[in-house]
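What follows is the content of model_8.tsv, which has TSV, N, CA and C atoms:
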```
chain	number	residue	atom	x	y	z
A	930	MET	N	12.94	-1.57	-2.76
A	930	MET	CA	11.74	-1.46	-1.99
A	930	MET	C	11.74	-2.54	-0.92
A	931	ASP	N	11.44	-2.11	0.26
A	931	ASP	CA	11.45	-3.01	1.41
A	931	ASP	C	10.00	-3.30	1.81
A	932	LYS	N	9.66	-4.58	1.95
A	932	LYS	CA	8.29	-4.96	2.32
A	932	LYS	C	8.29	-5.71	3.63
A	933	ARG	N	7.33	-5.34	4.48
A	933	ARG	CA	7.09	-6.07	5.72
A	933	ARG	C	5.62	-6.43	5.76
A	934	ILE	N	5.35	-7.69	6.01
A	934	ILE	CA	3.98	-8.17	6.09
A	934	ILE	C	3.78	-8.76	7.47
A	935	ALA	N	2.80	-8.22	8.20
A	935	ALA	CA	2.56	-8.67	9.57
A	935	ALA	C	1.16	-9.25	9.69
A	936	PHE	N	1.06	-10.33	10.45
A	936	PHE	CA	-0.21	-10.98	10.73
A	936	PHE	C	-0.50	-10.80	12.21
A	937	LYS	N	-1.64	-10.19	12.54
A	937	LYS	CA	-2.01	-9.98	13.94
A	937	LYS	C	-3.32	-10.71	14.21
A	938	GLY	N	-3.33	-11.47	15.29
A	938	GLY	CA	-4.53	-12.20	15.65
A	938	GLY	C	-4.83	-13.37	14.75
A	939	MET	N	-3.84	-13.76	13.96
A	939	MET	CA	-4.01	-14.89	13.05
A	939	MET	C	-2.65	-15.51	12.76
A	940	ASP	N	-2.65	-16.73	12.31
A	940	ASP	CA	-1.40	-17.41	12.00
A	940	ASP	C	-0.85	-16.93	10.67
A	941	HIS	N	0.48	-16.96	10.57
A	941	HIS	CA	1.16	-16.61	9.32
A	941	HIS	C	0.75	-17.60	8.24
A	942	SER	N	0.54	-17.08	7.04
A	942	SER	CA	0.16	-17.92	5.91
A	942	SER	C	1.01	-17.55	4.70
A	943	ASN	N	1.75	-18.53	4.19
A	943	ASN	CA	2.56	-18.29	3.00
A	943	ASN	C	1.67	-17.97	1.80
A	944	ALA	N	0.51	-18.62	1.71
A	944	ALA	CA	-0.40	-18.37	0.59
A	944	ALA	C	-0.87	-16.91	0.59
A	945	ILE	N	-1.25	-16.40	1.75
A	945	ILE	CA	-1.70	-15.01	1.83
A	945	ILE	C	-0.54	-14.06	1.57
A	946	GLU	N	0.63	-14.37	2.11
A	946	GLU	CA	1.81	-13.53	1.88
A	946	GLU	C	2.15	-13.48	0.39
A	947	ASN	N	2.10	-14.61	-0.28
A	947	ASN	CA	2.37	-14.64	-1.73
A	947	ASN	C	1.32	-13.85	-2.50
A	948	PHE	N	0.06	-13.95	-2.07
A	948	PHE	CA	-1.02	-13.20	-2.72
A	948	PHE	C	-0.79	-11.70	-2.57
A	949	VAL	N	-0.41	-11.27	-1.37
A	949	VAL	CA	-0.11	-9.85	-1.12
A	949	VAL	C	1.04	-9.39	-2.01
A	950	ASN	N	2.12	-10.16	-2.05
A	950	ASN	CA	3.27	-9.80	-2.88
A	950	ASN	C	2.89	-9.70	-4.36
A	951	GLU	N	2.04	-10.62	-4.80
A	951	GLU	CA	1.59	-10.62	-6.19
A	951	GLU	C	0.77	-9.37	-6.50
A	952	LYS	N	-0.11	-8.99	-5.59
A	952	LYS	CA	-0.97	-7.83	-5.80
A	952	LYS	C	-0.20	-6.51	-5.68
A	953	LEU	N	0.82	-6.47	-4.83
A	953	LEU	CA	1.59	-5.23	-4.64
A	953	LEU	C	2.47	-4.88	-5.83
A	954	VAL	N	2.61	-5.78	-6.78
A	954	VAL	CA	3.42	-5.50	-7.97
A	954	VAL	C	2.89	-4.26	-8.68
A	955	LYS	N	1.55	-4.08	-8.70
A	955	LYS	CA	0.96	-2.89	-9.33
A	955	LYS	C	1.53	-1.61	-8.72
A	956	ALA	N	1.58	-1.56	-7.40
A	956	ALA	CA	2.10	-0.37	-6.70
A	956	ALA	C	3.59	-0.22	-6.93
A	957	GLU	N	4.31	-1.33	-6.92
A	957	GLU	CA	5.76	-1.27	-7.11
A	957	GLU	C	6.11	-0.70	-8.48
A	958	ILE	N	5.36	-1.10	-9.50
A	958	ILE	CA	5.62	-0.60	-10.85
A	958	ILE	C	5.42	0.92	-10.90
A	959	LEU	N	4.36	1.40	-10.25
A	959	LEU	CA	4.10	2.85	-10.24
A	959	LEU	C	5.18	3.63	-9.49
A	960	LEU	N	5.86	2.99	-8.56
A	960	LEU	CA	6.85	3.68	-7.74
A	960	LEU	C	8.30	3.39	-8.17
A	961	GLU	N	8.47	2.71	-9.30
A	961	GLU	CA	9.82	2.34	-9.74
A	961	GLU	C	10.78	3.52	-9.87
A	962	LYS	N	10.29	4.64	-10.35
A	962	LYS	CA	11.17	5.78	-10.63
A	962	LYS	C	11.33	6.73	-9.45
A	963	GLU	N	10.70	6.42	-8.33
A	963	GLU	CA	10.84	7.26	-7.14
A	963	GLU	C	12.26	7.15	-6.59
A	964	LYS	N	12.77	8.27	-6.13
A	964	LYS	CA	14.13	8.30	-5.58
A	964	LYS	C	14.09	7.95	-4.10
A	965	GLY	N	15.13	7.32	-3.65
A	965	GLY	CA	15.26	6.99	-2.24
A	965	GLY	C	14.57	5.69	-1.89
A	966	PRO	N	14.75	5.26	-0.66
A	966	PRO	CA	14.15	4.00	-0.23
A	966	PRO	C	12.64	4.12	-0.05
A	967	ILE	N	11.94	3.06	-0.39
A	967	ILE	CA	10.49	3.02	-0.22
A	967	ILE	C	10.16	1.79	0.63
A	968	PHE	N	9.34	2.01	1.63
A	968	PHE	CA	8.99	0.95	2.57
A	968	PHE	C	7.50	0.64	2.48
A	969	PHE	N	7.18	-0.62	2.30
A	969	PHE	CA	5.80	-1.10	2.30
A	969	PHE	C	5.56	-1.82	3.62
A	970	ASP	N	4.55	-1.42	4.35
A	970	ASP	CA	4.13	-2.13	5.57
A	970	ASP	C	2.69	-2.59	5.35
A	971	VAL	N	2.50	-3.89	5.42
A	971	VAL	CA	1.17	-4.47	5.26
A	971	VAL	C	0.82	-5.16	6.58
A	972	VAL	N	-0.29	-4.75	7.17
A	972	VAL	CA	-0.72	-5.36	8.43
A	972	VAL	C	-2.09	-5.98	8.21
A	973	MET	N	-2.18	-7.27	8.52
A	973	MET	CA	-3.45	-7.99	8.41
A	973	MET	C	-3.87	-8.42	9.80
A	974	ASN	N	-5.10	-8.09	10.12
A	974	ASN	CA	-5.62	-8.34	11.46
A	974	ASN	C	-6.99	-8.97	11.32
A	975	THR	N	-7.36	-9.77	12.29
A	975	THR	CA	-8.70	-10.33	12.28
A	975	THR	C	-9.44	-9.92	13.55
A	976	GLU	N	-10.70	-9.56	13.38
A	976	GLU	CA	-11.55	-9.24	14.51
A	976	GLU	C	-12.49	-10.43	14.70
A	977	HIS	N	-12.19	-11.24	15.68
A	977	HIS	CA	-12.95	-12.47	15.88
A	977	HIS	C	-14.41	-12.22	16.23
A	978	SER	N	-14.70	-11.13	16.93
A	978	SER	CA	-16.08	-10.86	17.34
A	978	SER	C	-16.98	-10.58	16.14
A	979	ASN	N	-16.43	-9.95	15.09
A	979	ASN	CA	-17.23	-9.59	13.91
A	979	ASN	C	-16.93	-10.47	12.71
A	980	ASN	N	-15.97	-11.37	12.83
A	980	ASN	CA	-15.50	-12.19	11.70
A	980	ASN	C	-15.08	-11.32	10.52
A	981	LEU	N	-14.39	-10.22	10.82
A	981	LEU	CA	-13.90	-9.32	9.78
A	981	LEU	C	-12.38	-9.38	9.70
A	982	PHE	N	-11.88	-9.24	8.49
A	982	PHE	CA	-10.44	-9.14	8.28
A	982	PHE	C	-10.12	-7.68	7.96
A	983	ASP	N	-9.14	-7.16	8.63
A	983	ASP	CA	-8.73	-5.78	8.52
A	983	ASP	C	-7.36	-5.75	7.85
A	984	VAL	N	-7.24	-5.04	6.74
A	984	VAL	CA	-5.96	-4.96	6.02
A	984	VAL	C	-5.59	-3.49	5.86
A	985	GLU	N	-4.35	-3.17	6.21
A	985	GLU	CA	-3.83	-1.80	6.07
A	985	GLU	C	-2.50	-1.85	5.35
A	986	ILE	N	-2.33	-0.95	4.40
A	986	ILE	CA	-1.06	-0.80	3.70
A	986	ILE	C	-0.56	0.61	3.94
A	987	ARG	N	0.68	0.70	4.36
A	987	ARG	CA	1.37	1.99	4.51
A	987	ARG	C	2.58	1.96	3.58
A	988	ILE	N	2.72	3.01	2.81
A	988	ILE	CA	3.89	3.15	1.94
A	988	ILE	C	4.58	4.45	2.32
A	989	ASN	N	5.83	4.35	2.69
A	989	ASN	CA	6.61	5.52	3.09
A	989	ASN	C	7.82	5.67	2.19
A	990	GLY	N	7.99	6.86	1.68
A	990	GLY	CA	9.16	7.21	0.90
A	990	GLY	C	9.76	8.48	1.46
A	991	PRO	N	10.86	8.94	0.88
A	991	PRO	CA	11.49	10.15	1.41
A	991	PRO	C	10.63	11.40	1.27
A	992	HIS	N	9.68	11.41	0.31
A	992	HIS	CA	8.89	12.61	0.05
A	992	HIS	C	7.39	12.39	0.14
A	993	PHE	N	6.99	11.23	0.62
A	993	PHE	CA	5.56	10.96	0.70
A	993	PHE	C	5.27	9.84	1.70
A	994	SER	N	4.01	9.81	2.12
A	994	SER	CA	3.53	8.76	3.01
A	994	SER	C	2.07	8.51	2.63
A	995	LEU	N	1.75	7.26	2.31
A	995	LEU	CA	0.40	6.91	1.87
A	995	LEU	C	-0.15	5.79	2.75
A	996	ILE	N	-1.46	5.83	2.99
A	996	ILE	CA	-2.11	4.80	3.80
A	996	ILE	C	-3.43	4.41	3.14
A	997	ALA	N	-3.70	3.11	3.11
A	997	ALA	CA	-4.99	2.61	2.65
A	997	ALA	C	-5.44	1.51	3.61
A	998	HIS	N	-6.75	1.41	3.79
A	998	HIS	CA	-7.29	0.50	4.80
A	998	HIS	C	-8.62	-0.07	4.29
A	999	ASP	N	-8.88	-1.35	4.61
A	999	ASP	CA	-10.16	-1.94	4.25
A	999	ASP	C	-10.50	-3.08	5.19
A	1000	GLN	N	-11.80	-3.31	5.38
A	1000	GLN	CA	-12.30	-4.43	6.19
A	1000	GLN	C	-13.30	-5.21	5.37
A	1001	GLU	N	-13.16	-6.51	5.39
A	1001	GLU	CA	-14.07	-7.40	4.66
A	1001	GLU	C	-14.20	-8.71	5.42
A	1002	ARG	N	-15.20	-9.47	5.06
A	1002	ARG	CA	-15.36	-10.81	5.64
A	1002	ARG	C	-14.41	-11.81	4.98
A	1003	ASP	N	-13.95	-11.50	3.79
A	1003	ASP	CA	-13.02	-12.36	3.05
A	1003	ASP	C	-11.65	-11.67	2.99
A	1004	MET	N	-10.63	-12.36	3.46
A	1004	MET	CA	-9.27	-11.78	3.51
A	1004	MET	C	-8.77	-11.40	2.11
A	1005	TYR	N	-8.98	-12.27	1.15
A	1005	TYR	CA	-8.49	-11.99	-0.20
A	1005	TYR	C	-9.20	-10.78	-0.82
A	1006	ALA	N	-10.48	-10.64	-0.58
A	1006	ALA	CA	-11.23	-9.47	-1.07
A	1006	ALA	C	-10.71	-8.20	-0.41
A	1007	ALA	N	-10.42	-8.26	0.88
A	1007	ALA	CA	-9.89	-7.10	1.60
A	1007	ALA	C	-8.53	-6.69	1.02
A	1008	ILE	N	-7.69	-7.68	0.73
A	1008	ILE	CA	-6.36	-7.40	0.15
A	1008	ILE	C	-6.52	-6.73	-1.21
A	1009	GLU	N	-7.39	-7.29	-2.05
A	1009	GLU	CA	-7.57	-6.71	-3.39
A	1009	GLU	C	-8.09	-5.27	-3.31
A	1010	LYS	N	-9.05	-5.03	-2.43
A	1010	LYS	CA	-9.61	-3.68	-2.32
A	1010	LYS	C	-8.60	-2.68	-1.78
A	1011	VAL	N	-7.81	-3.09	-0.78
A	1011	VAL	CA	-6.86	-2.15	-0.20
A	1011	VAL	C	-5.71	-1.87	-1.19
A	1012	VAL	N	-5.33	-2.85	-1.98
A	1012	VAL	CA	-4.30	-2.61	-3.01
A	1012	VAL	C	-4.86	-1.64	-4.06
A	1013	ASP	N	-6.11	-1.84	-4.47
A	1013	ASP	CA	-6.71	-0.91	-5.42
A	1013	ASP	C	-6.74	0.52	-4.85
A	1014	LYS	N	-7.05	0.64	-3.56
A	1014	LYS	CA	-7.08	1.96	-2.92
A	1014	LYS	C	-5.69	2.60	-2.91
A	1015	ILE	N	-4.66	1.83	-2.59
A	1015	ILE	CA	-3.30	2.40	-2.51
A	1015	ILE	C	-2.81	2.76	-3.91
A	1016	VAL	N	-3.18	1.99	-4.93
A	1016	VAL	CA	-2.81	2.32	-6.31
A	1016	VAL	C	-3.46	3.65	-6.71
A	1017	LYS	N	-4.72	3.85	-6.32
A	1017	LYS	CA	-5.39	5.13	-6.60
A	1017	LYS	C	-4.68	6.28	-5.89
A	1018	GLU	N	-4.26	6.05	-4.66
A	1018	GLU	CA	-3.54	7.09	-3.91
A	1018	GLU	C	-2.20	7.43	-4.59
A	1019	ILE	N	-1.50	6.41	-5.07
A	1019	ILE	CA	-0.23	6.65	-5.77
A	1019	ILE	C	-0.47	7.47	-7.02
A	1020	ASN	N	-1.48	7.08	-7.81
A	1020	ASN	CA	-1.79	7.82	-9.03
A	1020	ASN	C	-2.19	9.26	-8.73
A	1021	LYS	N	-2.96	9.45	-7.66
A	1021	LYS	CA	-3.37	10.80	-7.25
A	1021	LYS	C	-2.15	11.64	-6.87
A	1022	MET	N	-1.22	11.04	-6.12
A	1022	MET	CA	0.00	11.74	-5.72
A	1022	MET	C	0.82	12.13	-6.95
A	1023	LYS	N	0.96	11.20	-7.89
A	1023	LYS	CA	1.75	11.47	-9.08
A	1023	LYS	C	1.10	12.54	-9.95
A	1024	LYS	N	-0.22	12.50	-10.05
A	1024	LYS	CA	-0.94	13.51	-10.84
A	1024	LYS	C	-0.77	14.90	-10.22
A	1025	LYS	N	-0.89	14.96	-8.91
A	1025	LYS	CA	-0.72	16.24	-8.21
A	1025	LYS	C	0.70	16.77	-8.40
A	1026	ARG	N	1.67	15.89	-8.32
A	1026	ARG	CA	3.06	16.28	-8.51
A	1026	ARG	C	3.29	16.79	-9.93
A	1027	LEU	N	2.68	16.13	-10.91
A	1027	LEU	CA	2.81	16.54	-12.31
A	1027	LEU	C	2.17	17.92	-12.53
A	1028	GLN	N	1.01	18.14	-11.92
A	1028	GLN	CA	0.36	19.45	-12.03
A	1028	GLN	C	1.22	20.55	-11.40
A	1029	ASN	N	1.83	20.25	-10.27
A	1029	ASN	CA	2.70	21.24	-9.62
A	1029	ASN	C	3.91	21.55	-10.50
A	1030	ASP	N	4.45	20.55	-11.16
A	1030	ASP	CA	5.58	20.77	-12.07
A	1030	ASP	C	5.17	21.65	-13.24
A	1031	ARG	N	3.98	21.44	-13.76
A	1031	ARG	CA	3.50	22.23	-14.91
A	1031	ARG	C	3.18	23.66	-14.51
A	1032	ASN	N	2.80	23.86	-13.26
A	1032	ASN	CA	2.47	25.21	-12.79
A	1032	ASN	C	3.70	25.96	-12.29
A	1033	GLY	N	4.85	25.36	-12.40
A	1033	GLY	CA	6.07	26.03	-11.97
A	1033	GLY	C	6.46	25.76	-10.55
A	1034	ASP	N	5.64	25.03	-9.82
A	1034	ASP	CA	6.02	24.63	-8.45
A	1034	ASP	C	6.88	23.40	-8.56
A	1035	THR	N	8.17	23.58	-8.49
A	1035	THR	CA	9.07	22.45	-8.67
A	1035	THR	C	9.03	21.54	-7.48
A	1036	TYR	N	9.21	20.30	-7.74
A	1036	TYR	CA	9.24	19.27	-6.70
A	1036	TYR	C	10.62	19.30	-6.08
A	1037	LYS	N	10.69	19.65	-4.82
A	1037	LYS	CA	11.98	19.77	-4.13
A	1037	LYS	C	12.37	18.42	-3.53
A	1038	SER	N	13.59	18.05	-3.76
A	1038	SER	CA	14.08	16.83	-3.12
A	1038	SER	C	14.96	17.21	-1.94
A	1039	ALA	N	14.94	16.35	-0.95
A	1039	ALA	CA	15.71	16.63	0.28
A	1039	ALA	C	17.17	16.41	0.08
```

Starting from the coordinates I provided, produce the structure as structure tokens.
Amino acid sequence: MDKRIAFKGMDHSNAIENFVNEKLVKAEILLEKEKGPIFFDVVMNTEHSNNLFDVEIRINGPHFSLIAHDQERDMYAAIEKVVDKIVKEINKMKKKRLQNDRNGDTYKSA
């Protein structure tokens, strides 16, 4: 799994990057058995006019693409919420895939 963490409108912070990596472990565990390369893109942005932190996570794999987004006044709260959202999206994707397998719609790999 390849991870890219970008800071826009703010200085790079090792503490925030470590926090993001620590929180993304939940998503990585859920995607361990996925075939092919998986790319995590995390973009953190600040809106100075509103004092809001904007966090977006994009996960791209060979057979799926997921996006989660959140805005908060606290960067760490935004990170936690957006990770929770992406974990829910992963679980939803896996559940849908499992239902398709049970209904006879096989999951086709490229």

Please extract the residues of chain A with a backbone DSSP assignment of alpha helix (DSSP H) and present them as a short mmCIF file (atom, residue, chain, number, x, y, z; two decimals) with N, CA and C atoms, in the coordinates of the input.
```
data_model
loop_
_atom_site.label_atom_id
_atom_site.label_comp_id
_atom_site.auth_asym_id
_atom_site.auth_seq_id
_atom_site.Cartn_x
_atom_site.Cartn_y
_atom_site.Cartn_z
N ASN A 943 1.75 -18.53 4.19
CA ASN A 943 2.56 -18.29 3.00
C ASN A 943 1.67 -17.97 1.80
N ALA A 944 0.51 -18.62 1.71
CA ALA A 944 -0.40 -18.37 0.59
C ALA A 944 -0.87 -16.91 0.59
N ILE A 945 -1.25 -16.40 1.75
CA ILE A 945 -1.70 -15.01 1.83
C ILE A 945 -0.54 -14.06 1.57
N GLU A 946 0.63 -14.37 2.11
CA GLU A 946 1.81 -13.53 1.88
C GLU A 946 2.15 -13.48 0.39
N ASN A 947 2.10 -14.61 -0.28
CA ASN A 947 2.37 -14.64 -1.73
C ASN A 947 1.32 -13.85 -2.50
N PHE A 948 0.06 -13.95 -2.07
CA PHE A 948 -1.02 -13.20 -2.72
C PHE A 948 -0.79 -11.70 -2.57
N VAL A 949 -0.41 -11.27 -1.37
CA VAL A 949 -0.11 -9.85 -1.12
C VAL A 949 1.04 -9.39 -2.01
N ASN A 950 2.12 -10.16 -2.05
CA ASN A 950 3.27 -9.80 -2.88
C ASN A 950 2.89 -9.70 -4.36
N GLU A 951 2.04 -10.62 -4.80
CA GLU A 951 1.59 -10.62 -6.19
C GLU A 951 0.77 -9.37 -6.50
N LYS A 952 -0.11 -8.99 -5.59
CA LYS A 952 -0.97 -7.83 -5.80
C LYS A 952 -0.20 -6.51 -5.68
N VAL A 954 2.61 -5.78 -6.78
CA VAL A 954 3.42 -5.50 -7.97
C VAL A 954 2.89 -4.26 -8.68
N LYS A 955 1.55 -4.08 -8.70
CA LYS A 955 0.96 -2.89 -9.33
C LYS A 955 1.53 -1.61 -8.72
N ALA A 956 1.58 -1.56 -7.40
CA ALA A 956 2.10 -0.37 -6.70
C ALA A 956 3.59 -0.22 -6.93
N GLU A 957 4.31 -1.33 -6.92
CA GLU A 957 5.76 -1.27 -7.11
C GLU A 957 6.11 -0.70 -8.48
N ILE A 958 5.36 -1.10 -9.50
CA ILE A 958 5.62 -0.60 -10.85
C ILE A 958 5.42 0.92 -10.90
N LEU A 959 4.36 1.40 -10.25
CA LEU A 959 4.10 2.85 -10.24
C LEU A 959 5.18 3.63 -9.49
N MET A 1004 -10.63 -12.36 3.46
CA MET A 1004 -9.27 -11.78 3.51
C MET A 1004 -8.77 -11.40 2.11
N TYR A 1005 -8.98 -12.27 1.15
CA TYR A 1005 -8.49 -11.99 -0.20
C TYR A 1005 -9.20 -10.78 -0.82
N ALA A 1006 -10.48 -10.64 -0.58
CA ALA A 1006 -11.23 -9.47 -1.07
C ALA A 1006 -10.71 -8.20 -0.41
N ALA A 1007 -10.42 -8.26 0.88
CA ALA A 1007 -9.89 -7.10 1.60
C ALA A 1007 -8.53 -6.69 1.02
N ILE A 1008 -7.69 -7.68 0.73
CA ILE A 1008 -6.36 -7.40 0.15
C ILE A 1008 -6.52 -6.73 -1.21
N GLU A 1009 -7.39 -7.29 -2.05
CA GLU A 1009 -7.57 -6.71 -3.39
C GLU A 1009 -8.09 -5.27 -3.31
N LYS A 1010 -9.05 -5.03 -2.43
CA LYS A 1010 -9.61 -3.68 -2.32
C LYS A 1010 -8.60 -2.68 -1.78
N VAL A 1011 -7.81 -3.09 -0.78
CA VAL A 1011 -6.86 -2.15 -0.20
C VAL A 1011 -5.71 -1.87 -1.19
N VAL A 1012 -5.33 -2.85 -1.98
CA VAL A 1012 -4.30 -2.61 -3.01
C VAL A 1012 -4.86 -1.64 -4.06
N ASP A 1013 -6.11 -1.84 -4.47
CA ASP A 1013 -6.71 -0.91 -5.42
C ASP A 1013 -6.74 0.52 -4.85
N LYS A 1014 -7.05 0.64 -3.56
CA LYS A 1014 -7.08 1.96 -2.92
C LYS A 1014 -5.69 2.60 -2.91
N ILE A 1015 -4.66 1.83 -2.59
CA ILE A 1015 -3.30 2.40 -2.51
C ILE A 1015 -2.81 2.76 -3.91
N VAL A 1016 -3.18 1.99 -4.93
CA VAL A 1016 -2.81 2.32 -6.31
C VAL A 1016 -3.46 3.65 -6.71
N LYS A 1017 -4.72 3.85 -6.32
CA LYS A 1017 -5.39 5.13 -6.60
C LYS A 1017 -4.68 6.28 -5.89
N GLU A 1018 -4.26 6.05 -4.66
CA GLU A 1018 -3.54 7.09 -3.91
C GLU A 1018 -2.20 7.43 -4.59
N ILE A 1019 -1.50 6.41 -5.07
CA ILE A 1019 -0.23 6.65 -5.77
C ILE A 1019 -0.47 7.47 -7.02
N ASN A 1020 -1.48 7.08 -7.81
CA ASN A 1020 -1.79 7.82 -9.03
C ASN A 1020 -2.19 9.26 -8.73
N LYS A 1021 -2.96 9.45 -7.66
CA LYS A 1021 -3.37 10.80 -7.25
C LYS A 1021 -2.15 11.64 -6.87
N MET A 1022 -1.22 11.04 -6.12
CA MET A 1022 0.00 11.74 -5.72
C MET A 1022 0.82 12.13 -6.95
N LYS A 1023 0.96 11.20 -7.89
CA LYS A 1023 1.75 11.47 -9.08
C LYS A 1023 1.10 12.54 -9.95
N LYS A 1024 -0.22 12.50 -10.05
CA LYS A 1024 -0.94 13.51 -10.84
C LYS A 1024 -0.77 14.90 -10.22
N LYS A 1025 -0.89 14.96 -8.91
CA LYS A 1025 -0.72 16.24 -8.21
C LYS A 1025 0.70 16.77 -8.40
N ARG A 1026 1.67 15.89 -8.32
CA ARG A 1026 3.06 16.28 -8.51
C ARG A 1026 3.29 16.79 -9.93
N LEU A 1027 2.68 16.13 -10.91
CA LEU A 1027 2.81 16.54 -12.31
C LEU A 1027 2.17 17.92 -12.53
N GLN A 1028 1.01 18.14 -11.92
CA GLN A 1028 0.36 19.45 -12.03
C GLN A 1028 1.22 20.55 -11.40
N ASN A 1029 1.83 20.25 -10.27
CA ASN A 1029 2.70 21.24 -9.62
C ASN A 1029 3.91 21.55 -10.50
N ASP A 1030 4.45 20.55 -11.16
CA ASP A 1030 5.58 20.77 -12.07
C ASP A 1030 5.17 21.65 -13.24
N ARG A 1031 3.98 21.44 -13.76
CA ARG A 1031 3.50 22.23 -14.91
C ARG A 1031 3.18 23.66 -14.51
#
```

- Message: I'd like the neighbourhood of Glu985 in chain A as a PyMOL selection string, where a residue qualifies if any of its atoms comes within 6.5 Å (using only N, CA and C atoms), though same-chain residues fewer than 2 positions away should be ignored.
- Response: chain A and resi 970-974+983+987+997-999

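Here the question is which of A:Ala1006, A:Val1012, A:Phe936, A:Phe948 gets nearest to Ile986 in chain A using only C-alpha atoms, and that residue is A:Val1012.
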
- Message: I need the residues of range 943-1027 of chain A that end up classed as strand (DSSP E or B) by DSSP on the backbone, written out as a ChimeraX atom specification.
- Response: /A:968-976,981-990,993-1001

- Quick one: residues within 12 Å of Ile1019 in chain A, only C-alpha atoms counted, chain neighbours fewer than 5 positions away excluded, as an NGL selection string? :A and (955-961 or 963 or 987-990 or 993-997 or 1012-1014 or 1024-1026)

- Determine the nearest neighbour of Tyr1005 in chain A from the options A:Met1022, A:Ile967, A:Val954, A:Ile945, counting only C-alpha atoms. A:Ile945

- Note on the structure: CA of Arg933 in chain A to atom C of Phe968 in chain A measures 7.5 Å

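The coordinates place atom N of Thr975 in chain A at 8.4 Å from atom N of Asp940 in chain A.
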
Find the axis-aligned box for range 1005-1008 of chain A, covering all its listed atoms and adding 5 Å on each side, and write its centre and edge lengths in Å to one decimal as AutoDock Vina command-line options.
```
--center_x -8.8 --center_y -9.5 --center_z 0.2 --size_x 14.9 --size_y 15.6 --size_z 12.8
```

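Our summary of the geometry notes that atom C of Asn1032 in chain A is positioned 26.0 Å from atom N of Val1016 in chain A.
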
- Pick from A:Ala935, A:Leu981, A:Val1011, A:Met1004, whichever lies nearest to Leu953 in chain A using only C-alpha atoms: A:Val1011
